[in-house]
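Q: The file below is my_file28.txt, compact mmCIF, C-alpha atoms:
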```txt
# COMPACT_ATOMS: atom_id res chain seq x y z
CA MET A 1 0.00 0.00 0.00
CA THR A 2 1.90 3.03 -1.22
CA GLY A 3 0.56 6.38 -0.10
CA ALA A 4 -2.70 5.05 1.29
CA ALA A 5 -1.62 5.92 4.83
CA ASP A 6 -1.85 9.68 4.16
CA LEU A 7 -5.32 9.33 2.67
CA PRO A 8 -8.07 11.07 4.67
CA ALA A 9 -10.39 8.70 6.50
CA TRP A 10 -13.54 9.57 4.54
CA ALA A 11 -11.83 8.91 1.21
CA ALA A 12 -10.43 5.58 2.37
CA LEU A 13 -13.79 4.44 3.74
CA LEU A 14 -15.66 5.62 0.64
CA THR A 15 -13.20 3.80 -1.65
CA ALA A 16 -13.44 0.64 0.45
CA LEU A 17 -17.24 0.74 0.37
CA LEU A 18 -17.44 1.34 -3.39
CA VAL A 19 -14.88 -1.34 -4.24
CA LEU A 20 -16.59 -3.89 -2.00
CA LEU A 21 -19.98 -3.04 -3.51
CA GLY A 22 -18.65 -3.39 -7.05
CA ALA A 23 -16.89 -6.67 -6.37
CA GLY A 24 -19.98 -8.05 -4.63
CA LEU A 25 -22.18 -7.14 -7.59
CA ALA A 26 -19.73 -8.74 -10.02
CA LEU A 27 -19.71 -11.88 -7.87
CA VAL A 28 -23.52 -12.00 -7.72
CA GLY A 29 -23.69 -11.58 -11.50
CA SER A 30 -21.20 -14.38 -12.09
CA ILE A 31 -22.99 -16.71 -9.67
CA GLY A 32 -26.17 -15.96 -11.61
CA LEU A 33 -24.34 -16.84 -14.82
CA LEU A 34 -23.40 -20.14 -13.26
CA ARG A 35 -26.73 -21.07 -11.71
CA LEU A 36 -29.55 -19.88 -13.98
CA GLU A 37 -31.03 -22.59 -16.18
CA ASP A 38 -31.64 -21.12 -19.61
CA PHE A 39 -29.30 -19.17 -21.88
CA TYR A 40 -31.84 -16.37 -22.24
CA GLN A 41 -31.95 -16.09 -18.44
CA ARG A 42 -28.19 -16.38 -18.09
CA VAL A 43 -27.49 -13.54 -20.49
CA HIS A 44 -29.01 -11.07 -18.02
CA ALA A 45 -26.87 -11.98 -15.04
CA PRO A 46 -23.35 -10.73 -15.95
CA THR A 47 -24.67 -7.29 -16.91
CA LEU A 48 -25.05 -6.65 -13.18
CA GLY A 49 -21.26 -6.68 -12.86
CA ALA A 50 -20.67 -4.93 -16.18
CA THR A 51 -22.84 -1.89 -15.36
CA LEU A 52 -23.27 -1.12 -11.65
CA GLY A 53 -20.36 -3.26 -10.46
CA ALA A 54 -17.85 -1.76 -12.88
CA GLY A 55 -19.33 1.70 -12.30
CA SER A 56 -18.88 1.61 -8.55
CA ILE A 57 -15.34 0.22 -8.75
CA LEU A 58 -14.45 2.92 -11.30
CA ILE A 59 -15.93 5.66 -9.09
CA GLY A 60 -14.02 4.23 -6.12
CA SER A 61 -10.81 4.32 -8.15
CA MET A 62 -11.56 7.91 -9.23
CA VAL A 63 -12.12 9.01 -5.61
CA PHE A 64 -8.94 7.23 -4.47
CA PHE A 65 -6.60 8.70 -7.10
CA SER A 66 -8.21 12.17 -7.04
CA VAL A 67 -7.71 12.48 -3.26
CA LEU A 68 -4.28 10.84 -3.35
CA GLN A 69 -2.87 13.14 -6.05
CA SER A 70 -5.03 16.11 -4.90
CA ARG A 71 -6.15 16.80 -8.45
CA PRO A 72 -9.12 15.44 -10.38
CA VAL A 73 -8.17 12.10 -11.99
CA LEU A 74 -10.98 11.36 -14.41
CA HIS A 75 -9.54 8.93 -16.97
CA GLU A 76 -11.56 6.07 -15.44
CA ILE A 77 -14.55 7.65 -17.19
CA LEU A 78 -13.02 6.31 -20.43
CA VAL A 79 -13.44 2.71 -19.29
CA GLY A 80 -16.92 3.47 -17.98
CA VAL A 81 -18.10 5.01 -21.24
CA PHE A 82 -16.50 2.20 -23.21
CA LEU A 83 -18.20 -0.50 -21.14
CA THR A 84 -21.55 1.29 -21.30
CA VAL A 85 -21.34 1.50 -25.08
CA THR A 86 -20.00 -1.98 -25.81
CA THR A 87 -21.91 -4.25 -23.39
CA PRO A 88 -25.34 -3.83 -25.06
CA VAL A 89 -23.80 -4.19 -28.53
CA THR A 90 -22.04 -7.46 -27.75
CA LEU A 91 -24.99 -8.97 -25.89
CA ILE A 92 -27.50 -8.02 -28.60
CA LEU A 93 -25.22 -9.64 -31.20
CA LEU A 94 -24.85 -12.76 -29.06
CA VAL A 95 -28.59 -13.10 -28.42
CA LYS A 96 -29.32 -12.56 -32.12
CA ALA A 97 -26.91 -15.33 -33.04
CA THR A 98 -28.44 -17.62 -30.41
CA HIS A 99 -31.93 -16.86 -31.66
CA HIS A 100 -30.87 -17.75 -35.20
CA ARG A 101 -29.41 -21.03 -33.98
CA ASP A 102 -32.53 -21.86 -31.98
CA LEU A 103 -34.80 -21.14 -34.93
CA ASP A 104 -32.63 -23.35 -37.14
CA ALA A 105 -32.68 -26.12 -34.56
CA GLU A 106 -36.47 -25.97 -34.29
CA GLN A 107 -37.26 -26.10 -38.00
CA PRO A 108 -34.27 -27.51 -39.85
CA ALA A 109 -36.29 -28.63 -42.89
CA THR A 110 -38.03 -25.32 -43.61
CA LYS A 111 -34.80 -23.45 -43.02
CA THR A 112 -32.79 -25.46 -45.52
CA GLU A 113 -35.64 -25.27 -48.01
CA ALA A 114 -35.72 -21.52 -47.65
CA GLY A 115 -31.94 -21.48 -48.08
CA ASP A 116 -32.26 -23.61 -51.23
CA ASP A 117 -35.04 -21.45 -52.60
CA ARG A 118 -33.14 -18.23 -52.11
CA PRO A 119 -30.94 -18.37 -55.27
CA ALA A 120 -33.93 -19.26 -57.45
CA GLY A 121 -36.18 -16.56 -56.03
CA MET B 1 -7.21 2.67 11.02
CA SER B 2 -9.00 3.68 7.85
CA ALA B 3 -5.99 2.60 5.78
CA THR B 4 -6.21 -0.84 7.38
CA ILE B 5 -9.93 -1.04 6.56
CA LEU B 6 -9.16 -0.04 2.97
CA ALA B 7 -6.39 -2.64 2.67
CA TRP B 8 -8.57 -5.45 4.02
CA SER B 9 -11.59 -4.52 1.94
CA LEU B 10 -9.37 -4.44 -1.16
CA VAL B 11 -8.14 -7.95 -0.35
CA LEU B 12 -11.74 -9.08 0.19
CA ALA B 13 -12.85 -7.45 -3.07
CA GLN B 14 -10.04 -9.19 -4.94
CA MET B 15 -11.08 -12.55 -3.49
CA MET B 16 -14.69 -11.89 -4.53
CA LEU B 17 -13.59 -10.95 -8.04
CA ALA B 18 -11.42 -14.06 -8.23
CA ALA B 19 -14.43 -16.15 -7.20
CA ALA B 20 -16.48 -14.38 -9.88
CA MET B 21 -13.78 -15.22 -12.44
CA ALA B 22 -13.88 -18.84 -11.28
CA CYS B 23 -17.67 -18.93 -11.78
CA ALA B 24 -17.27 -17.51 -15.30
CA ALA B 25 -14.50 -20.04 -16.03
CA ILE B 26 -16.69 -22.92 -14.87
CA ARG B 27 -19.45 -21.71 -17.21
CA LEU B 28 -16.82 -21.40 -19.97
CA VAL B 29 -15.74 -25.01 -19.50
CA ARG B 30 -19.15 -26.53 -18.76
CA GLY B 31 -21.44 -24.41 -20.95
CA PRO B 32 -23.75 -26.73 -22.86
CA ARG B 33 -23.66 -24.73 -26.07
CA ALA B 34 -21.27 -22.35 -27.80
CA GLN B 35 -23.14 -19.18 -26.80
CA ASP B 36 -22.83 -20.10 -23.12
CA ARG B 37 -19.08 -20.37 -23.55
CA ILE B 38 -18.90 -16.98 -25.28
CA LEU B 39 -20.96 -15.40 -22.49
CA GLY B 40 -18.62 -16.96 -19.93
CA LEU B 41 -15.59 -15.59 -21.78
CA ASP B 42 -17.12 -12.10 -21.87
CA THR B 43 -17.84 -12.22 -18.13
CA LEU B 44 -14.31 -13.48 -17.51
CA TYR B 45 -12.91 -10.48 -19.41
CA VAL B 46 -15.03 -7.95 -17.47
CA ASN B 47 -14.13 -9.51 -14.13
CA ALA B 48 -10.42 -9.55 -15.02
CA MET B 49 -10.67 -5.86 -15.88
CA LEU B 50 -12.27 -5.09 -12.52
CA LEU B 51 -9.58 -7.16 -10.77
CA LEU B 52 -6.87 -5.11 -12.51
CA LEU B 53 -8.58 -1.89 -11.36
CA THR B 54 -8.50 -3.08 -7.75
CA PHE B 55 -4.81 -3.98 -8.20
CA GLY B 56 -4.28 -0.41 -9.36
CA ILE B 57 -5.99 1.00 -6.26
CA ARG B 58 -3.98 -1.36 -4.05
CA THR B 59 -0.57 -0.42 -5.43
CA GLY B 60 -1.46 3.23 -5.95
CA SER B 61 -0.12 3.28 -9.51
CA THR B 62 -2.13 4.24 -12.57
CA LEU B 63 -0.20 1.77 -14.77
CA TYR B 64 -2.82 -0.92 -14.21
CA PHE B 65 -5.45 1.37 -15.63
CA GLU B 66 -4.02 1.14 -19.15
CA MET B 67 -4.00 -2.64 -18.88
CA ALA B 68 -7.66 -2.52 -17.84
CA LEU B 69 -8.50 -0.39 -20.88
CA ALA B 70 -6.64 -2.79 -23.19
CA ILE B 71 -8.46 -5.79 -21.68
CA ALA B 72 -11.83 -4.06 -22.11
CA LEU B 73 -11.02 -3.39 -25.78
CA LEU B 74 -9.82 -6.96 -26.41
CA GLY B 75 -12.86 -8.43 -24.69
CA PHE B 76 -15.22 -6.37 -26.82
CA VAL B 77 -13.50 -7.35 -30.07
CA ALA B 78 -13.29 -11.01 -29.09
CA THR B 79 -16.96 -11.27 -28.13
CA VAL B 80 -18.16 -9.47 -31.25
CA ALA B 81 -16.00 -11.67 -33.50
CA LEU B 82 -17.19 -14.86 -31.82
CA SER B 83 -20.85 -13.80 -32.02
CA LYS B 84 -20.43 -13.01 -35.70
CA PHE B 85 -18.86 -16.41 -36.25
CA LEU B 86 -21.75 -18.05 -34.42
CA MET B 87 -24.22 -16.26 -36.67
CA ARG B 88 -22.49 -17.31 -39.90
CA GLY B 89 -21.01 -20.63 -38.77
CA GLU B 90 -24.51 -22.03 -38.97
CA VAL B 91 -24.34 -21.83 -42.77
CA ILE B 92 -21.13 -23.80 -42.86
CA GLU B 93 -22.51 -26.41 -40.46
```
Mind converting the file's structure to structure tokens?

A:
Amino acid sequence: MTGAADLPAWAALLTALLVLLGAGLALVGSIGLLRLEDFYQRVHAPTLGATLGAGSILIGSMVFFSVLQSRPVLHEILVGVFLTVTTPVTLILLVKATHHRDLDAEQPATKTEAGDDRPAG
Amino acid sequence: MSATILAWSLVLAQMMLAAAMACAAIRLVRGPRAQDRILGLDTLYVNAMLLLLTFGIRTGSTLYFEMALAIALLGFVATVALSKFLMRGEVIE
């Protein structure tokens, strides 16, 4: 622990609280990923850690470094914005692909027929 | 006193994140279908990024932050590429 000893008490406690909250949310999300039954249920669980969990750890890191260096350290916002933008994109793509696969698994005959008909039509 | 609380809560948070990574890894290994494995990999990436951020707070250096940003980028690209492959791999199958 370098430099954490000269951190004011409120900043240290706030950072500890935020980091614990974020890690707990990430853990709950991952346990949900492990324990839920269906893929469409499971896809919801890790977003708990990717949104609120990551957000609170990033805010804790911002508070820690801003107080430690006594200047606003805001580059954690970059990671936050990036996660907020990319998480929905990746999960929508993944669920779309899964939906395609499930539809193909349900009706393999009609799907292949449609695929065969496509060049003719 | 408060520094001790911070140190211990950081250790506890790292253990929780390691347990979260273990859960994601179990889903990655066990996942019944390919999309479960991709979801596990994505969760593993996010949890590893959070673990690196807590390492950065613990050591008081901002070097870990750049690693976290790189891991977030790589995780996004990997998951998008794998989802795209899943969407088109069906044609090849």

Q: Determine, using all atoms listed in the file, which residues of chain A have any atom at most 7 Å from an atom of chain B, and tabulate each with its shortest atom pair and distance in Å to one decimal place, rows ordered by chain and then rising number, as a Markdown table.

A:
```
| residue | atom | partner | partner_atom | distance |
| --- | --- | --- | --- | --- |
| A:Met1 | CA | B:Thr59 | CA | 5.5 |
| A:Thr2 | CA | B:Gly60 | CA | 5.8 |
| A:Gly3 | CA | B:Gly60 | CA | 6.9 |
| A:Ala4 | CA | B:Ala3 | CA | 6.1 |
| A:Ala5 | CA | B:Ala3 | CA | 5.6 |
| A:Ala9 | CA | B:Ser2 | CA | 5.4 |
| A:Ala12 | CA | B:Leu6 | CA | 5.8 |
| A:Leu13 | CA | B:Ser2 | CA | 6.4 |
| A:Ala16 | CA | B:Leu6 | CA | 5.0 |
| A:Val19 | CA | B:Ala13 | CA | 6.5 |
| A:Leu20 | CA | B:Ala13 | CA | 5.3 |
| A:Ala23 | CA | B:Ala13 | CA | 5.3 |
| A:Gly24 | CA | B:Met16 | CA | 6.5 |
| A:Ala26 | CA | B:Ala20 | CA | 6.5 |
| A:Leu27 | CA | B:Ala20 | CA | 4.6 |
| A:Ser30 | CA | B:Ala20 | CA | 5.2 |
| A:Ile31 | CA | B:Cys23 | CA | 6.1 |
| A:Leu34 | CA | B:Arg27 | CA | 5.8 |
| A:Phe39 | CA | B:Asp36 | CA | 6.7 |
| A:Pro46 | CA | B:Thr43 | CA | 6.1 |
| A:Ala50 | CA | B:Val46 | CA | 6.5 |
| A:Ala54 | CA | B:Leu50 | CA | 6.5 |
| A:Ser61 | CA | B:Ile57 | CA | 6.2 |
| A:Val79 | CA | B:Leu69 | CA | 6.0 |
| A:Thr86 | CA | B:Phe76 | CA | 6.6 |
| A:Thr90 | CA | B:Val80 | CA | 5.6 |
| A:Leu93 | CA | B:Ser83 | CA | 6.1 |
| A:Leu94 | CA | B:Ser83 | CA | 5.1 |
| A:Ala97 | CA | B:Met87 | CA | 4.6 |
| A:Thr98 | CA | B:Gln35 | CA | 6.6 |
| A:His100 | CA | B:Met87 | CA | 7.0 |
```

Q: Next, write the just-selected residues to a file, as an mmCIF file, keeping the file's coordinate frame, keeping C-alpha atoms as the atom set.

A:
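The resulting result-v7.cif:
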```cif
data_model
loop_
_atom_site.group_PDB
_atom_site.id
_atom_site.type_symbol
_atom_site.label_atom_id
_atom_site.label_comp_id
_atom_site.auth_asym_id
_atom_site.auth_seq_id
_atom_site.Cartn_x
_atom_site.Cartn_y
_atom_site.Cartn_z
ATOM 1 C CA MET A 1 0.000 0.000 0.000
ATOM 2 C CA THR A 2 1.900 3.030 -1.220
ATOM 3 C CA GLY A 3 0.560 6.380 -0.100
ATOM 4 C CA ALA A 4 -2.700 5.050 1.290
ATOM 5 C CA ALA A 5 -1.620 5.920 4.830
ATOM 6 C CA ALA A 9 -10.390 8.700 6.500
ATOM 7 C CA ALA A 12 -10.430 5.580 2.370
ATOM 8 C CA LEU A 13 -13.790 4.440 3.740
ATOM 9 C CA ALA A 16 -13.440 0.640 0.450
ATOM 10 C CA VAL A 19 -14.880 -1.340 -4.240
ATOM 11 C CA LEU A 20 -16.590 -3.890 -2.000
ATOM 12 C CA ALA A 23 -16.890 -6.670 -6.370
ATOM 13 C CA GLY A 24 -19.980 -8.050 -4.630
ATOM 14 C CA ALA A 26 -19.730 -8.740 -10.020
ATOM 15 C CA LEU A 27 -19.710 -11.880 -7.870
ATOM 16 C CA SER A 30 -21.200 -14.380 -12.090
ATOM 17 C CA ILE A 31 -22.990 -16.710 -9.670
ATOM 18 C CA LEU A 34 -23.400 -20.140 -13.260
ATOM 19 C CA PHE A 39 -29.300 -19.170 -21.880
ATOM 20 C CA PRO A 46 -23.350 -10.730 -15.950
ATOM 21 C CA ALA A 50 -20.670 -4.930 -16.180
ATOM 22 C CA ALA A 54 -17.850 -1.760 -12.880
ATOM 23 C CA SER A 61 -10.810 4.320 -8.150
ATOM 24 C CA VAL A 79 -13.440 2.710 -19.290
ATOM 25 C CA THR A 86 -20.000 -1.980 -25.810
ATOM 26 C CA THR A 90 -22.040 -7.460 -27.750
ATOM 27 C CA LEU A 93 -25.220 -9.640 -31.200
ATOM 28 C CA LEU A 94 -24.850 -12.760 -29.060
ATOM 29 C CA ALA A 97 -26.910 -15.330 -33.040
ATOM 30 C CA THR A 98 -28.440 -17.620 -30.410
ATOM 31 C CA HIS A 100 -30.870 -17.750 -35.200
#
```

Q: Pick out the residues sitting within 12 Å of Ser66 in chain A, and hand them over as a PyMOL selection string; count all atoms listed in the file, and ignore anything fewer than 3 positions along from it in its own chain.

A: (chain A and resi 7-8+11-12+15+58-63+69-76) or (chain B and resi 57+60+62)

Q: Could you work out an axis-aligned box for range 72-83 of chain B, taking every atom the file lists and adding 5 Å on each side, and report centre and edge lengths in Å to one decimal, as AutoDock Vina command-line options?

A:
```
--center_x -15.3 --center_y -9.1 --center_z -27.8 --size_x 21.0 --size_y 21.5 --size_z 21.4
```

Q: Using Å and a single decimal, report how far CA of Val95 in chain A sits from CA of Tyr40 in chain A.

A: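 Result for CA of Tyr40 in chain A versus CA of Val95 in chain A: 7.7 Å, one decimal.
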